[in-house]
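Chemist: After the C-alpha cells below, expect a handful of questions from me.
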Amino acid sequence: MAQILIIEDDPKTLSAIREGLRLDGHDAVAATTGEEGTDLCRSGTFDAIVLDWMLPERSGIEVLKMLRAQGIRTPVLLLTARDTVEDRVLGLDSGADDYLIKPFAFAELSARVRALVRRAGEPDAVNRRVGDLVIDLTQRRAKRGTRQIPLTPKEFDLLCYLARHQGQTVTRQMLAKDVWHEVHRVTPLDNVIDVHIAHLRRKLDEGEQKKLIHTVRGVGFALREMPA
Amino acid sequence: MSSWWQQQSVKLRLTLWYALALSLVLVFFAVAVYEIVEHRMENEIDRQLRIDFDLVEAQLDLDDSGRIRWSVQGAHGDEGFARLSAWFEVWSEDGHLLLRHWPVPESQIKRPLPAPASSATLQFRDYELEDELPVRLMERPARLLGHGVVLRMFRDQSGMRQTLKQIVEVFALMLPFAVALAALGGYLLARRSMAPVSAMAAQARRITSESLEARLPNPNPHDEIGQLATVVNDTLSRLENSFRELKRFTADASHELRTPLTALRAVGEVGLRRPDDPAALREALQSMLEEAQRLTELTDALLTLARTESGPVQLNLETLNLADVVRQVTHTLGILATDKEQELDVDDTDVTAMSDRTLLRQALLNIVHNAIRHSPAKARIAVRIRRSERDALIEVMDQGPGIDAQHRAKVFDRFFRVDSGRSRSEGGYGLGLAIAKASIERCGGKIEVDSALGRGSTFRIRLPAAVS
C-alpha cells in the first residue's frame, strides 16, 4: 500500500508497529536512531514517517527539523509521551503533520498513518456503503436496505466516523478526539461514548441478520460486514 | 572591606559596631574634658598674671641713679613669698632690658626670650624657656614715673601642663580598657541573643525529609527570632503534611497500579499455558488489552491530577458565562442521564465568573458525571447557578445515597471511594472528584459538599465573580 519509515528506539514498540503496519498492507522499514533514519530518508522515498520524539543522541525533534531543512516533505507522525500543549505546539511547529501520545492503541496509529498517506487526495465520497448500510452524507441520513434509520446528530457523526474507518478498529480515544472534539484524555467521556454506541447499535443492528457494529475487546469498535 | 565584613558573624559585627561607637563617644568626651580643663586653667593663669602685673607695677620706682628698682612692699606682709614667686622683666620702649627678676638662674634658660616688640600692646603667650619649663607670659605697656616701659610678667605653666598630661594619660589608659570591657559585654550579649539562631540552624540542619516532624526550638515566640522560628515551624508543618500526603498518594497509586498489573500478568501467563487453543489465546489477549487500557486511563488521570495541582497547565482566566459551560457539560453527559431515565434539570441564569474554561469544564464534567452515576434511575439531578455577594456559585444536587459525615471530608481525596468494595469498573478510580477539586482550586475557586445519608449530596463550586 505505502512505504512507511519507522524511527523508534524501543525494540518492542518498533517491532510491534512494524508488524502492525505490515498487516495493514504497508511496506514498513525500521530505523532505531535518528542518524539511521535520516540516511534512509535520503536514499529512499517514503509515503510517511513514524518518528519517536525520545531518541538516543539526536532527538526526534532535531531529526524532524533536519529533514524539513533538507527539503524532505514526507508527512511525519510524531510519537511521544509528552502531552502538554507546549509540547504539541513545539512538535507541530518543528514540522510534524500529526501527533500521537503514548501510550496509544495501535488502531489509532494505524488510522493516523492511513490519514497521512491519504492526505494528498481522495475527496470524501458523498455516499458510503457498508454491506446494506448506505449513508447519505449530504442529506445526513442512513438506511439499511430499505429501512430508514432515525439518528440523532451525534449518532450520525459517530456512524460517519465509523464508516470512514470501515473495516478498521477505532478506539474510544479516537472517538473522543475526532467526534466529540475533546482534547483532554481524562474525561468521563468513555461512558458517554459507550452509551452512544449502544444506541447506535440498537438502531442499526437490532433484528438484522448481519451485525455491522462490532466491539473489539480492549481496543474499541469497528464497523464492518464480517466479524474479523 | 565589604566582603570581609559580610563574612563575619552577626555577633562579631554587632560587637565591632558597638566598640567603634563607644570609642568615638569616649574620644569625643576626652577631647572635650581636655579642652575645658585647659581653657579654665589658662584663664586662671591669665588672671594671676594680671594680678602680678598690678602688684609689680605699683612696686616699681627709680633709685637715686635713675635706674628702675623693685621695692617690695609685701601687700600682705609676706615679702619673702612675693620675692620668690614674682617673675618679671621690665623693658624700655626701645627694647632695652631695664630690670629682670627671675626665680630661676638665667644660665639654665636655653631659649632666651627676645625683646618685646616696640609696639607691644597687651598680649598673652605661651613659651618654653627650656624643655621642662613651659611658661605663660603677659606683655603690657606701662608708664613708670613718666617713662614708657613694657612689663613682661611670667607664670610657670608646668603645673597645669602636668595636670593636662595626667588627664590625657588617664584617658589613654582607660579608653582601651573601657572599650575592651564594653566590647566583651556586647559580644556576650550578642552571643546570647544570637544563640537561638545558632540553635535553630543546628536543628534545621538535622531536619530531613525523613525527620520532618522535628521542630525548631522557640524559647520566646514574641521576639523577632521567635517569630522567625514560628514561621519556619509553620512551613515545616505544611511540608510534613505534603510529604505525608505524597507518601500516602504514592502508596495508593502503587496499589491501584498493582491491580491491573496483576491481572495482566496472570492472564498472560495462563494464556501461555494453553498454546493450542486459539480461542483461549484470543480471550487472553483481549483481556490483557482491557487491563492495559485501564492502566492507561489510570496513569492519564494521575498525570492530569498532578498537572492540574501544580504542573505546567497554563491558566487562562477569562470572564465566563457559567450557564454556557454548564450547558456544554450537561449536553455532553445528558445521554447518560437519559439512559437512566434521570431528569437533568439545569437552570440557565446568566452569571459570569472569572475562571479557566478548560479547568472548569473538567471539574463540572466530573461532578455531574458523579451525580448521574450515584443517583438511582428516574432520579432528578439539579444544576443551579447563582450569584452570592462575592462569588458565583454552581450547585449540583443529586439524589444519590448521600455521604455520611465521617466520609464527607474525604470525598475529594485521591482514590477515595465511599464504598471501597465497589468494583473499579463501576466506581471509577476515585480520582474524578480529586481532579475536580484541583481544577477549581487552580482557578482560585473552592469546592464543597453538603450531604446527609439518604438525602443526596450537593456539590457547590464557588468561583470569584467577574468584575462587571
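Ordering of the C-alpha cells sets the chain letters (A, B, ...); residue numbers start at 1 within each chain; ligands are numbered from 1 in the order shown.
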Could you tell me which residues of chain B sit within 7 Å of chain A when counting only C-alpha atoms, and give me the result as a list in words?
Modeler: Gln286, Ser287, Leu289, Glu290, Gln293, Thr296, Asp300, Ala301, Leu333, Ile335, Leu336, Gln362, Leu365, Asn366 and His369 of chain B
Chemist: Using only N, CA and C atoms, please write the residues we just selected to a file, as a PDB file, in the first residue's frame.
Modeler:
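Listed below is the output, part39.pdb:
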ATOM      1  N   GLN B 286      -7.296 -10.252  24.574  1.00  0.00           N
ATOM      2  CA  GLN B 286      -8.320  -9.214  24.727  1.00  0.00           C
ATOM      3  C   GLN B 286      -8.381  -8.727  26.172  1.00  0.00           C
ATOM      4  N   SER B 287      -8.317  -9.698  27.064  1.00  0.00           N
ATOM      5  CA  SER B 287      -8.368  -9.347  28.482  1.00  0.00           C
ATOM      6  C   SER B 287      -7.161  -8.492  28.865  1.00  0.00           C
ATOM      7  N   LEU B 289      -5.491  -6.544  26.887  1.00  0.00           N
ATOM      8  CA  LEU B 289      -5.663  -5.216  26.313  1.00  0.00           C
ATOM      9  C   LEU B 289      -6.595  -4.361  27.174  1.00  0.00           C
ATOM     10  N   GLU B 290      -7.613  -5.013  27.716  1.00  0.00           N
ATOM     11  CA  GLU B 290      -8.526  -4.277  28.594  1.00  0.00           C
ATOM     12  C   GLU B 290      -7.784  -3.734  29.813  1.00  0.00           C
ATOM     13  N   GLN B 293      -5.652  -0.904  28.853  1.00  0.00           N
ATOM     14  CA  GLN B 293      -6.480   0.283  28.683  1.00  0.00           C
ATOM     15  C   GLN B 293      -6.766   0.921  30.047  1.00  0.00           C
ATOM     16  N   THR B 296      -3.752   2.681  31.264  1.00  0.00           N
ATOM     17  CA  THR B 296      -3.587   3.949  30.540  1.00  0.00           C
ATOM     18  C   THR B 296      -4.485   5.015  31.146  1.00  0.00           C
ATOM     19  N   ASP B 300      -3.181   8.344  32.958  1.00  0.00           N
ATOM     20  CA  ASP B 300      -3.636   9.631  32.411  1.00  0.00           C
ATOM     21  C   ASP B 300      -4.290  10.472  33.495  1.00  0.00           C
ATOM     22  N   ALA B 301      -5.133   9.806  34.303  1.00  0.00           N
ATOM     23  CA  ALA B 301      -5.831  10.538  35.361  1.00  0.00           C
ATOM     24  C   ALA B 301      -4.829  11.084  36.373  1.00  0.00           C
ATOM     25  N   LEU B 333     -23.033  15.075  28.775  1.00  0.00           N
ATOM     26  CA  LEU B 333     -23.320  13.960  29.673  1.00  0.00           C
ATOM     27  C   LEU B 333     -24.800  13.591  29.701  1.00  0.00           C
ATOM     28  N   ILE B 335     -26.819  12.224  27.811  1.00  0.00           N
ATOM     29  CA  ILE B 335     -27.244  10.908  27.351  1.00  0.00           C
ATOM     30  C   ILE B 335     -27.136   9.860  28.464  1.00  0.00           C
ATOM     31  N   LEU B 336     -26.181  10.086  29.371  1.00  0.00           N
ATOM     32  CA  LEU B 336     -26.027   9.135  30.477  1.00  0.00           C
ATOM     33  C   LEU B 336     -27.239   9.213  31.402  1.00  0.00           C
ATOM     34  N   GLN B 362     -13.597  20.611  33.048  1.00  0.00           N
ATOM     35  CA  GLN B 362     -13.057  19.368  33.588  1.00  0.00           C
ATOM     36  C   GLN B 362     -13.698  19.051  34.939  1.00  0.00           C
ATOM     37  N   LEU B 365     -17.569  18.320  34.480  1.00  0.00           N
ATOM     38  CA  LEU B 365     -17.775  17.002  33.877  1.00  0.00           C
ATOM     39  C   LEU B 365     -17.697  15.928  34.952  1.00  0.00           C
ATOM     40  N   ASN B 366     -16.694  16.045  35.797  1.00  0.00           N
ATOM     41  CA  ASN B 366     -16.508  15.033  36.833  1.00  0.00           C
ATOM     42  C   ASN B 366     -17.617  15.063  37.867  1.00  0.00           C
ATOM     43  N   HIS B 369     -20.988  13.985  36.238  1.00  0.00           N
ATOM     44  CA  HIS B 369     -20.899  12.552  35.974  1.00  0.00           C
ATOM     45  C   HIS B 369     -21.061  11.761  37.260  1.00  0.00           C
TER      46      HIS B 369
END
Chemist: Can you work out the spacing between atom CA of B:Val10 and atom CA of B:Val27 in Å, to one decimal?
Modeler: 25.6 Å
Chemist: Within 9 Å of B:Pro134, counting only C-alpha atoms, which residues qualify if same-chain residues fewer than 5 places away don't, as a PyMOL selection string?
Modeler: chain B and resi 126-129+155-158+161
Chemist: Write out the residues from the selection above, keeping N, CA and C atoms, as a compact mmCIF listing (two decimals), in the first residue's frame.
Modeler:
# COMPACT_ATOMS: atom_id res chain seq x y z
N ASP B 126 52.30 81.65 75.19
CA ASP B 126 52.94 80.51 75.83
C ASP B 126 54.35 80.43 75.31
N TYR B 127 55.26 80.06 76.18
CA TYR B 127 56.64 79.93 75.73
C TYR B 127 57.32 78.85 76.54
N GLU B 128 58.27 78.18 75.85
CA GLU B 128 59.01 77.15 76.55
C GLU B 128 60.45 77.61 76.73
N LEU B 129 60.77 78.03 77.91
CA LEU B 129 62.11 78.56 78.15
C LEU B 129 63.14 77.46 78.09
N ARG B 155 54.54 83.36 84.39
CA ARG B 155 53.99 82.38 85.33
C ARG B 155 54.40 80.99 84.85
N ASP B 156 54.82 80.22 85.76
CA ASP B 156 55.20 78.84 85.44
C ASP B 156 53.93 78.05 85.07
N GLN B 157 53.99 77.37 83.92
CA GLN B 157 52.81 76.60 83.48
C GLN B 157 52.98 75.12 83.70
N SER B 158 54.11 74.72 84.24
CA SER B 158 54.38 73.27 84.26
C SER B 158 53.35 72.51 85.09
N ARG B 161 50.41 72.02 82.84
CA ARG B 161 50.72 71.03 81.80
C ARG B 161 50.70 69.62 82.38
Chemist: Can you pull out every residue within 10 Å of B:Asn220, counting only C-alpha atoms, but drop anything in the same chain fewer than 4 positions away, and send it as a list of chain:residue names?
Modeler: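 Returned residues: B:Pro196, B:Glu224, B:Ile225, B:Gly226, B:Gln227, B:Ala229, B:Thr230.
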Chemist: Within stretch 21-52 of chain A, find each residue whose DSSP state, derived from the backbone, is strand (DSSP E or B), and express the selection as a PDB file with C-alpha atoms, in the first residue's frame.
Modeler:
ATOM      1  CA  ASP A  27       5.767  -1.692   3.431  1.00  0.00           C
ATOM      2  CA  ALA A  28       7.398  -0.794   6.748  1.00  0.00           C
ATOM      3  CA  VAL A  29      11.108  -0.033   7.166  1.00  0.00           C
ATOM      4  CA  ALA A  30      12.639   0.386  10.610  1.00  0.00           C
ATOM      5  CA  ALA A  31      15.421   2.578  11.982  1.00  0.00           C
ATOM      6  CA  ALA A  48       5.023   8.637   5.661  1.00  0.00           C
ATOM      7  CA  ILE A  49       7.400   8.586   8.635  1.00  0.00           C
ATOM      8  CA  VAL A  50       6.541   7.450  12.147  1.00  0.00           C
ATOM      9  CA  LEU A  51       9.020   9.265  14.375  1.00  0.00           C
ATOM     10  CA  ASP A  52       9.624   8.850  18.087  1.00  0.00           C
TER      11      ASP A  52
END
Chemist: I'd like the contact shell of A:Gly37 - 9 Å cut-off, only C-alpha atoms, skipping same-chain residues fewer than 3 positions apart - returned as a list in words.
Modeler: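 My reading of the contact set: Leu5, Ile6, Ile7, Ala30, Ala31, Thr32, Thr33, Gly34, Leu40, Cys41, Arg42, Leu51 and Val63 of chain A.
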Chemist: Using only C-alpha atoms, please write the residues we just selected to a file, as an mmCIF file, in the first residue's frame.
Modeler:
data_model
loop_
_atom_site.group_PDB
_atom_site.id
_atom_site.type_symbol
_atom_site.label_atom_id
_atom_site.label_comp_id
_atom_site.auth_asym_id
_atom_site.auth_seq_id
_atom_site.Cartn_x
_atom_site.Cartn_y
_atom_site.Cartn_z
ATOM 1 C CA LEU A 5 9.619 4.548 7.711
ATOM 2 C CA ILE A 6 9.540 3.937 11.475
ATOM 3 C CA ILE A 7 12.191 5.627 13.621
ATOM 4 C CA ALA A 30 12.639 0.386 10.610
ATOM 5 C CA ALA A 31 15.421 2.578 11.982
ATOM 6 C CA THR A 32 16.491 2.747 15.613
ATOM 7 C CA THR A 33 18.404 6.022 15.617
ATOM 8 C CA GLY A 34 17.887 9.443 14.121
ATOM 9 C CA LEU A 40 17.249 6.015 4.916
ATOM 10 C CA CYS A 41 15.172 9.095 4.184
ATOM 11 C CA ARG A 42 17.736 10.496 1.834
ATOM 12 C CA LEU A 51 9.020 9.265 14.375
ATOM 13 C CA VAL A 63 15.707 14.775 13.195
#
Chemist: Please identify all polymer residues within 7 Å of stretch 255-271 of chain B, counting only C-alpha atoms, omitting same-chain residues fewer than 5 positions from it, and present them as a PyMOL selection string.
Modeler: chain B and resi 280-281+284+288+291+295
Chemist: With distances taken over only C-alpha atoms, which residue among B:Asp356, B:Asp350, B:Glu343, B:Asp63 lies nearest B:Thr319?
Modeler: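 Distance minimum relative to B:Thr319 lands on B:Asp356.
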Chemist: To one decimal place in Å, what is the distance between atom CA of B:Gln328 and atom CA of B:Val368?
Modeler: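 Calculated distance between atom CA of B:Gln328 and atom CA of B:Val368 is 11.6 Å.
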